[in-house]
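All remarks here apply to the structure that follows.
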Amino acid sequence: MDYVSALVPPVVMAAFFIGLVVTIVKSQGGPNKAKEDAAVDAVLAARTDSAQQGGTPGTPGPGGV
């Protein structure tokens with residue numbers, strides 16, 4: 001019976017991992033894809049705008065201390 005108690009944790013973790021991967025794959029695309037893409041585009045645009053204006057928030061710009 002020791003082999004059963006040794007195999008249960010890896011089997012349970014593998015089952016949860018497979019479930020996680022299936023959930024991630026199923027959630028790709030679909031009706032929320034446009035909203036997710038728009039949110040990522042907004043974050044990237046904000047990041048490039050802040051980089052062009054002199055640095056990221058919280059860090060000094062050129063010549064700033």
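Letters A, B, ... mark the chains of the structure tokens in the order given; residue numbers begin at 1 per chain; ligand numbers begin at 1, in order shown.
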
Sel. of alpha helix (DSSP H) residues, chain A, as a ChimeraX atom specification = /A:2-27,33-52
